[in-house]
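Pasting input04.pdb here (PDB, C-alpha atoms, pLDDT in the B column):
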```pdb
ATOM      1  CA  MET X   1     -21.474 -40.341-194.703  1.00 55.00           C
ATOM      2  CA  ALA X   2     -20.484 -43.936-195.320  1.00 63.00           C
ATOM      3  CA  ASN X   3     -19.048 -44.364-191.804  1.00 67.00           C
ATOM      4  CA  ARG X   4     -21.992 -42.765-190.033  1.00 59.00           C
ATOM      5  CA  PRO X   5     -24.477 -45.065-188.255  1.00 59.00           C
ATOM      6  CA  VAL X   6     -27.958 -45.213-189.766  1.00 62.00           C
ATOM      7  CA  ASN X   7     -29.987 -44.376-186.621  1.00 61.00           C
ATOM      8  CA  THR X   8     -28.174 -41.237-185.484  1.00 58.00           C
ATOM      9  CA  GLY X   9     -30.844 -38.844-186.694  1.00 59.00           C
ATOM     10  CA  SER X  10     -29.961 -35.185-186.830  1.00 59.00           C
ATOM     11  CA  GLY X  11     -28.245 -35.193-183.427  1.00 61.00           C
ATOM     12  CA  GLY X  12     -24.671 -36.237-182.647  1.00 61.00           C
ATOM     13  CA  ALA X  13     -23.718 -39.869-182.579  1.00 63.00           C
ATOM     14  CA  ALA X  14     -23.975 -41.535-179.184  1.00 67.00           C
ATOM     15  CA  ALA X  15     -21.164 -43.719-177.909  1.00 70.00           C
ATOM     16  CA  PRO X  16     -21.747 -47.408-178.621  1.00 70.00           C
ATOM     17  CA  PRO X  17     -22.597 -49.652-175.674  1.00 70.00           C
ATOM     18  CA  PRO X  18     -19.606 -51.324-173.969  1.00 68.00           C
ATOM     19  CA  VAL X  19     -18.591 -54.746-175.218  1.00 70.00           C
ATOM     20  CA  HIS X  20     -17.312 -57.607-173.093  1.00 65.00           C
ATOM     21  CA  HIS X  21     -13.709 -57.227-174.328  1.00 62.00           C
ATOM     22  CA  ASP X  22     -13.402 -53.487-173.646  1.00 56.00           C
ATOM     23  CA  ALA X  23     -12.420 -53.951-170.001  1.00 59.00           C
ATOM     24  CA  ALA X  24      -9.238 -55.718-168.938  1.00 59.00           C
ATOM     25  CA  PRO X  25      -9.857 -59.164-167.417  1.00 60.00           C
ATOM     26  CA  ALA X  26      -9.652 -59.465-163.656  1.00 60.00           C
ATOM     27  CA  ILE X  27      -6.739 -61.599-162.470  1.00 61.00           C
ATOM     28  CA  PRO X  28      -7.512 -63.508-159.256  1.00 60.00           C
ATOM     29  CA  ALA X  29      -4.969 -63.328-156.440  1.00 59.00           C
ATOM     30  CA  THR X  30      -3.059 -66.525-155.625  1.00 62.00           C
ATOM     31  CA  PRO X  31      -0.579 -67.200-152.830  1.00 61.00           C
ATOM     32  CA  ALA X  32       2.274 -67.237-155.365  1.00 61.00           C
ATOM     33  CA  ALA X  33       1.206 -64.021-157.105  1.00 58.00           C
ATOM     34  CA  PRO X  34      -0.491 -61.186-155.214  1.00 58.00           C
ATOM     35  CA  ALA X  35      -3.378 -59.371-156.823  1.00 57.00           C
ATOM     36  CA  ALA X  36      -2.363 -56.939-159.535  1.00 56.00           C
ATOM     37  CA  PRO X  37      -3.072 -53.287-158.810  1.00 55.00           C
ATOM     38  CA  ALA X  38      -6.303 -52.073-160.325  1.00 56.00           C
ATOM     39  CA  THR X  39      -5.747 -50.221-163.577  1.00 56.00           C
ATOM     40  CA  PRO X  40      -8.264 -47.857-165.033  1.00 57.00           C
ATOM     41  CA  ALA X  41     -10.324 -49.340-167.831  1.00 58.00           C
ATOM     42  CA  ALA X  42      -9.356 -48.324-171.322  1.00 56.00           C
ATOM     43  CA  PRO X  43     -11.693 -45.873-173.017  1.00 60.00           C
ATOM     44  CA  ALA X  44     -14.323 -47.375-175.277  1.00 63.00           C
ATOM     45  CA  GLY X  45     -12.965 -48.160-178.702  1.00 62.00           C
ATOM     46  CA  HIS X  46      -9.387 -48.722-177.488  1.00 59.00           C
ATOM     47  CA  ARG X  47      -7.731 -52.061-177.055  1.00 62.00           C
ATOM     48  CA  ALA X  48      -6.428 -53.096-173.681  1.00 58.00           C
ATOM     49  CA  ALA X  49      -2.644 -52.943-173.352  1.00 58.00           C
ATOM     50  CA  ARG X  50      -1.022 -56.346-173.598  1.00 59.00           C
ATOM     51  CA  THR X  51       1.454 -57.562-171.041  1.00 56.00           C
ATOM     52  CA  THR X  52       4.946 -58.294-172.240  1.00 57.00           C
ATOM     53  CA  ARG X  53       6.420 -61.770-172.234  1.00 57.00           C
ATOM     54  CA  ALA X  54       8.994 -60.747-169.641  1.00 54.00           C
ATOM     55  CA  ALA X  55       6.251 -59.619-167.296  1.00 51.00           C
ATOM     56  CA  ARG X  56       4.477 -62.968-167.568  1.00 56.00           C
ATOM     57  CA  THR X  57       7.585 -65.087-166.937  1.00 55.00           C
ATOM     58  CA  THR X  58       8.272 -65.739-163.291  1.00 55.00           C
ATOM     59  CA  ARG X  59      10.986 -67.560-161.470  1.00 54.00           C
ATOM     60  CA  ALA X  60       8.625 -70.439-160.770  1.00 54.00           C
ATOM     61  CA  THR X  61       8.046 -71.043-164.468  1.00 55.00           C
ATOM     62  CA  ARG X  62      11.767 -70.791-165.212  1.00 50.00           C
ATOM     63  CA  ALA X  63      12.518 -73.336-162.504  1.00 52.00           C
ATOM     64  CA  ALA X  64       9.812 -75.694-163.796  1.00 57.00           C
ATOM     65  CA  ARG X  65      11.425 -75.951-167.241  1.00 59.00           C
ATOM     66  CA  GLY X  66      13.705 -78.734-166.069  1.00 59.00           C
ATOM     67  CA  PRO X  67      17.392 -79.330-165.436  1.00 64.00           C
ATOM     68  CA  ARG X  68      20.085 -77.640-167.436  1.00 71.00           C
ATOM     69  CA  PRO X  69      21.804 -79.683-170.141  1.00 70.00           C
ATOM     70  CA  SER X  70      24.984 -81.508-169.260  1.00 77.00           C
ATOM     71  CA  LYS X  71      28.376 -80.196-170.316  1.00 79.00           C
ATOM     72  CA  LEU X  72      28.889 -83.426-172.260  1.00 84.00           C
ATOM     73  CA  ALA X  73      25.686 -82.978-174.288  1.00 85.00           C
ATOM     74  CA  TRP X  74      27.742 -81.965-177.315  1.00 88.00           C
ATOM     75  CA  LEU X  75      29.498 -85.359-177.439  1.00 91.00           C
ATOM     76  CA  PRO X  76      26.824 -87.426-179.314  1.00 91.00           C
ATOM     77  CA  TYR X  77      26.448 -84.645-181.871  1.00 92.00           C
ATOM     78  CA  LEU X  78      30.215 -84.452-182.299  1.00 93.00           C
ATOM     79  CA  VAL X  79      30.445 -88.229-182.853  1.00 94.00           C
ATOM     80  CA  VAL X  80      27.735 -88.105-185.535  1.00 95.00           C
ATOM     81  CA  LEU X  81      29.357 -85.069-187.149  1.00 95.00           C
ATOM     82  CA  ALA X  82      32.776 -86.762-187.183  1.00 97.00           C
ATOM     83  CA  GLY X  83      31.314 -89.920-188.747  1.00 96.00           C
ATOM     84  CA  THR X  84      29.557 -87.891-191.430  1.00 96.00           C
ATOM     85  CA  ALA X  85      32.714 -85.883-192.151  1.00 97.00           C
ATOM     86  CA  ALA X  86      34.746 -89.091-192.377  1.00 97.00           C
ATOM     87  CA  GLY X  87      32.217 -90.518-194.838  1.00 96.00           C
ATOM     88  CA  MET X  88      32.418 -87.374-196.949  1.00 96.00           C
ATOM     89  CA  LEU X  89      36.222 -87.572-196.893  1.00 96.00           C
ATOM     90  CA  VAL X  90      36.180 -91.219-197.989  1.00 95.00           C
ATOM     91  CA  ALA X  91      33.696 -90.481-200.797  1.00 92.00           C
ATOM     92  CA  TRP X  92      35.785 -87.497-201.887  1.00 94.00           C
ATOM     93  CA  HIS X  93      38.705 -89.772-202.809  1.00 92.00           C
ATOM     94  CA  GLY X  94      36.923 -90.928-205.934  1.00 88.00           C
ATOM     95  CA  SER X  95      33.978 -92.780-207.355  1.00 87.00           C
ATOM     96  CA  LYS X  96      35.603 -96.066-206.389  1.00 90.00           C
ATOM     97  CA  TYR X  97      35.069 -95.199-202.694  1.00 91.00           C
ATOM     98  CA  ALA X  98      31.692 -93.446-202.986  1.00 92.00           C
ATOM     99  CA  GLY X  99      29.761 -96.468-201.723  1.00 92.00           C
ATOM    100  CA  ARG X 100      31.979 -96.822-198.667  1.00 93.00           C
ATOM    101  CA  GLY X 101      31.651 -93.131-197.866  1.00 94.00           C
ATOM    102  CA  ALA X 102      27.873 -93.175-198.289  1.00 95.00           C
ATOM    103  CA  SER X 103      27.586 -96.231-196.052  1.00 95.00           C
ATOM    104  CA  LEU X 104      29.625 -94.442-193.382  1.00 96.00           C
ATOM    105  CA  ILE X 105      27.315 -91.412-193.594  1.00 96.00           C
ATOM    106  CA  GLY X 106      24.230 -93.654-193.399  1.00 96.00           C
ATOM    107  CA  ALA X 107      25.668 -95.496-190.403  1.00 96.00           C
ATOM    108  CA  SER X 108      26.354 -92.151-188.692  1.00 96.00           C
ATOM    109  CA  LEU X 109      22.738 -91.072-189.223  1.00 96.00           C
ATOM    110  CA  LEU X 110      21.465 -94.375-187.841  1.00 97.00           C
ATOM    111  CA  ALA X 111      23.783 -93.937-184.851  1.00 96.00           C
ATOM    112  CA  ALA X 112      22.236 -90.480-184.349  1.00 95.00           C
ATOM    113  CA  ALA X 113      18.764 -92.077-184.362  1.00 96.00           C
ATOM    114  CA  LEU X 114      19.873 -94.651-181.801  1.00 96.00           C
ATOM    115  CA  ALA X 115      21.522 -92.022-179.607  1.00 94.00           C
ATOM    116  CA  ARG X 116      18.423 -89.838-179.703  1.00 94.00           C
ATOM    117  CA  LEU X 117      16.268 -92.850-178.843  1.00 95.00           C
ATOM    118  CA  ILE X 118      18.200 -94.144-175.830  1.00 94.00           C
ATOM    119  CA  LEU X 119      19.813 -91.043-174.341  1.00 91.00           C
ATOM    120  CA  PRO X 120      17.835 -88.803-171.982  1.00 89.00           C
ATOM    121  CA  ALA X 121      17.087 -85.249-173.135  1.00 85.00           C
ATOM    122  CA  ARG X 122      19.831 -83.882-170.900  1.00 87.00           C
ATOM    123  CA  TYR X 123      22.530 -85.684-172.913  1.00 87.00           C
ATOM    124  CA  THR X 124      21.271 -85.351-176.485  1.00 87.00           C
ATOM    125  CA  GLY X 125      22.379 -81.762-177.034  1.00 87.00           C
ATOM    126  CA  LEU X 126      22.054 -80.652-180.649  1.00 86.00           C
ATOM    127  CA  LEU X 127      20.556 -83.976-181.749  1.00 88.00           C
ATOM    128  CA  ALA X 128      17.321 -82.903-180.037  1.00 88.00           C
ATOM    129  CA  THR X 129      15.688 -80.326-182.271  1.00 88.00           C
ATOM    130  CA  ARG X 130      12.052 -81.502-182.244  1.00 90.00           C
ATOM    131  CA  ARG X 131      10.061 -84.087-180.353  1.00 93.00           C
ATOM    132  CA  LYS X 132      11.856 -87.360-179.725  1.00 92.00           C
ATOM    133  CA  ALA X 133       9.665 -89.379-182.097  1.00 94.00           C
ATOM    134  CA  SER X 134      10.180 -87.021-185.027  1.00 94.00           C
ATOM    135  CA  ASP X 135      13.943 -86.785-184.415  1.00 94.00           C
ATOM    136  CA  VAL X 136      14.360 -90.560-184.286  1.00 95.00           C
ATOM    137  CA  LEU X 137      12.120 -91.066-187.325  1.00 96.00           C
ATOM    138  CA  GLY X 138      13.951 -88.415-189.338  1.00 95.00           C
ATOM    139  CA  PHE X 139      17.423 -89.731-188.547  1.00 96.00           C
ATOM    140  CA  ALA X 140      16.349 -93.335-189.192  1.00 97.00           C
ATOM    141  CA  VAL X 141      14.655 -92.578-192.526  1.00 97.00           C
ATOM    142  CA  PHE X 142      17.543 -90.481-193.844  1.00 96.00           C
ATOM    143  CA  GLY X 143      20.106 -92.997-192.588  1.00 96.00           C
ATOM    144  CA  ALA X 144      18.270 -95.886-194.241  1.00 97.00           C
ATOM    145  CA  ALA X 145      17.898 -93.916-197.475  1.00 97.00           C
ATOM    146  CA  VAL X 146      21.618 -93.118-197.611  1.00 96.00           C
ATOM    147  CA  LEU X 147      22.454 -96.761-196.873  1.00 95.00           C
ATOM    148  CA  ALA X 148      20.145 -97.840-199.690  1.00 95.00           C
ATOM    149  CA  VAL X 149      21.997 -95.483-202.031  1.00 93.00           C
ATOM    150  CA  ALA X 150      25.320 -96.879-200.782  1.00 93.00           C
ATOM    151  CA  ILE X 151      24.200-100.431-201.557  1.00 92.00           C
ATOM    152  CA  ALA X 152      22.995 -99.392-205.020  1.00 91.00           C
ATOM    153  CA  LEU X 153      26.333 -97.785-205.913  1.00 83.00           C
ATOM    154  CA  PRO X 154      28.769-100.049-207.751  1.00 73.00           C
TER     155      PRO X 154
END
```

With the file now loaded, output its structure as structure tokens.
Amino acid sequence: MANRPVNTGSGGAAAPPPVHHDAAPAIPATPAAPAAPATPAAPAGHRAARTTRAARTTRATRAARGPRPSKLAWLPYLVVLAGTAAGMLVAWHGSKYAGRGASLIGASLLAAALARLILPARYTGLLATRRKASDVLGFAVFGAAVLAVAIALP
């Protein structure tokens, strides 16, 4: 009895009135996309079927995403990775060289910030993971922090 409406009386429960979200929205026809075939409305109380992401993606939207990345887009990332690996190798030789290795790692991170700042998106490759401002800020802050540690080391 808890799920039964209060005003039903002794007779059977009447169907609730339709709500604005029961029917699927009408999609206007455009020159690029013809009108979708009319689908029967879902019965009251049922949700409308959602369209899949693949159905919504068209060639026009794929083409509007921009140019493909260059084949040399991996090069700035590889340079930064090689500089960081070289710094780790130098620091690995002992505590006497830890400052030099840390400064090489910090310089590599600052070079990554500079590369992300001046290179267009087509050539940044794996250095571009977020928006440009947050990438540059992250690389610059971490690079400066590692350089500060390198200066503080004896």

message: To test your reading of the syntax: which residues would the PyMOL selection byres ((chain X and resi 107-109) around 8) return for the file shown? Reply as an NGL selection string.
response: :X and (80-81 or 83-84 or 103-106 or 110-113 or 139-140 or 142-143 or 147)

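Across X:Pro120, X:Gly125, X:Arg100, X:Leu114, the tightest approach to X:Ala73 is made by X:Gly125 when counting all atoms listed in the file.
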
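Shortest atom-to-atom contact with X:Tyr77 among X:Ala91, X:Tyr97, X:Ile118, X:Tyr123: X:Tyr123, counting all atoms listed in the file.
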
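Residue nearest X:Ala145, chosen from X:Arg68, X:Ala86, X:Ala102, X:Gly94 and counting all atoms listed in the file: X:Ala102.
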
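The space separating atom CA of X:Ala144 from atom CA of X:Ala115 comes to 15.5 Å.
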
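Put simply, atom CA of X:Leu126 is 14.2 Å away from atom CA of X:Gly138.
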
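As for atom CA of X:Val136 and atom CA of X:Val79, they are spaced 16.3 Å apart.
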
Using the incomplete input, complete stretch 130-151 of chain X to the level of N, CA and C atoms; output as a short mmCIF file (atom, residue, chain, number, x, y, z; two decimals), keeping the file's coordinate frame.
```cif
data_model
loop_
_atom_site.label_atom_id
_atom_site.label_comp_id
_atom_site.auth_asym_id
_atom_site.auth_seq_id
_atom_site.Cartn_x
_atom_site.Cartn_y
_atom_site.Cartn_z
N ARG X 130 13.51 -81.43 -182.26
CA ARG X 130 12.05 -81.50 -182.24
C ARG X 130 11.65 -82.49 -181.16
N ARG X 131 10.46 -83.04 -181.28
CA ARG X 131 10.06 -84.09 -180.35
C ARG X 131 10.91 -85.33 -180.61
N LYS X 132 11.00 -86.19 -179.61
CA LYS X 132 11.86 -87.36 -179.72
C LYS X 132 11.43 -88.26 -180.89
N ALA X 133 10.14 -88.48 -181.04
CA ALA X 133 9.66 -89.38 -182.10
C ALA X 133 10.03 -88.85 -183.48
N SER X 134 9.87 -87.56 -183.70
CA SER X 134 10.18 -87.02 -185.03
C SER X 134 11.69 -86.98 -185.27
N ASP X 135 12.48 -86.75 -184.24
CA ASP X 135 13.94 -86.78 -184.42
C ASP X 135 14.41 -88.19 -184.79
N VAL X 136 13.94 -89.18 -184.03
CA VAL X 136 14.36 -90.56 -184.29
C VAL X 136 13.88 -91.00 -185.67
N LEU X 137 12.65 -90.68 -186.01
CA LEU X 137 12.12 -91.07 -187.32
C LEU X 137 12.90 -90.39 -188.45
N GLY X 138 13.20 -89.13 -188.30
CA GLY X 138 13.95 -88.42 -189.34
C GLY X 138 15.34 -88.97 -189.53
N PHE X 139 16.07 -89.18 -188.43
CA PHE X 139 17.42 -89.73 -188.55
C PHE X 139 17.39 -91.14 -189.14
N ALA X 140 16.42 -91.96 -188.71
CA ALA X 140 16.35 -93.34 -189.19
C ALA X 140 16.00 -93.39 -190.68
N VAL X 141 15.06 -92.56 -191.11
CA VAL X 141 14.66 -92.58 -192.53
C VAL X 141 15.80 -92.09 -193.41
N PHE X 142 16.43 -90.99 -193.02
CA PHE X 142 17.54 -90.48 -193.84
C PHE X 142 18.73 -91.43 -193.82
N GLY X 143 19.01 -92.03 -192.67
CA GLY X 143 20.11 -93.00 -192.59
C GLY X 143 19.85 -94.21 -193.46
N ALA X 144 18.61 -94.73 -193.41
CA ALA X 144 18.27 -95.89 -194.24
C ALA X 144 18.31 -95.54 -195.72
N ALA X 145 17.87 -94.34 -196.07
CA ALA X 145 17.90 -93.92 -197.48
C ALA X 145 19.33 -93.81 -197.99
N VAL X 146 20.22 -93.24 -197.19
CA VAL X 146 21.62 -93.12 -197.61
C VAL X 146 22.27 -94.50 -197.69
N LEU X 147 21.93 -95.40 -196.78
CA LEU X 147 22.45 -96.76 -196.87
C LEU X 147 21.94 -97.48 -198.10
N ALA X 148 20.69 -97.23 -198.48
CA ALA X 148 20.14 -97.84 -199.69
C ALA X 148 20.89 -97.33 -200.93
N VAL X 149 21.22 -96.04 -200.92
CA VAL X 149 22.00 -95.48 -202.03
C VAL X 149 23.40 -96.09 -202.04
N ALA X 150 23.98 -96.30 -200.85
CA ALA X 150 25.32 -96.88 -200.78
C ALA X 150 25.33 -98.30 -201.31
N ILE X 151 24.27 -99.06 -201.04
CA ILE X 151 24.20 -100.43 -201.56
C ILE X 151 24.02 -100.43 -203.07
#
```
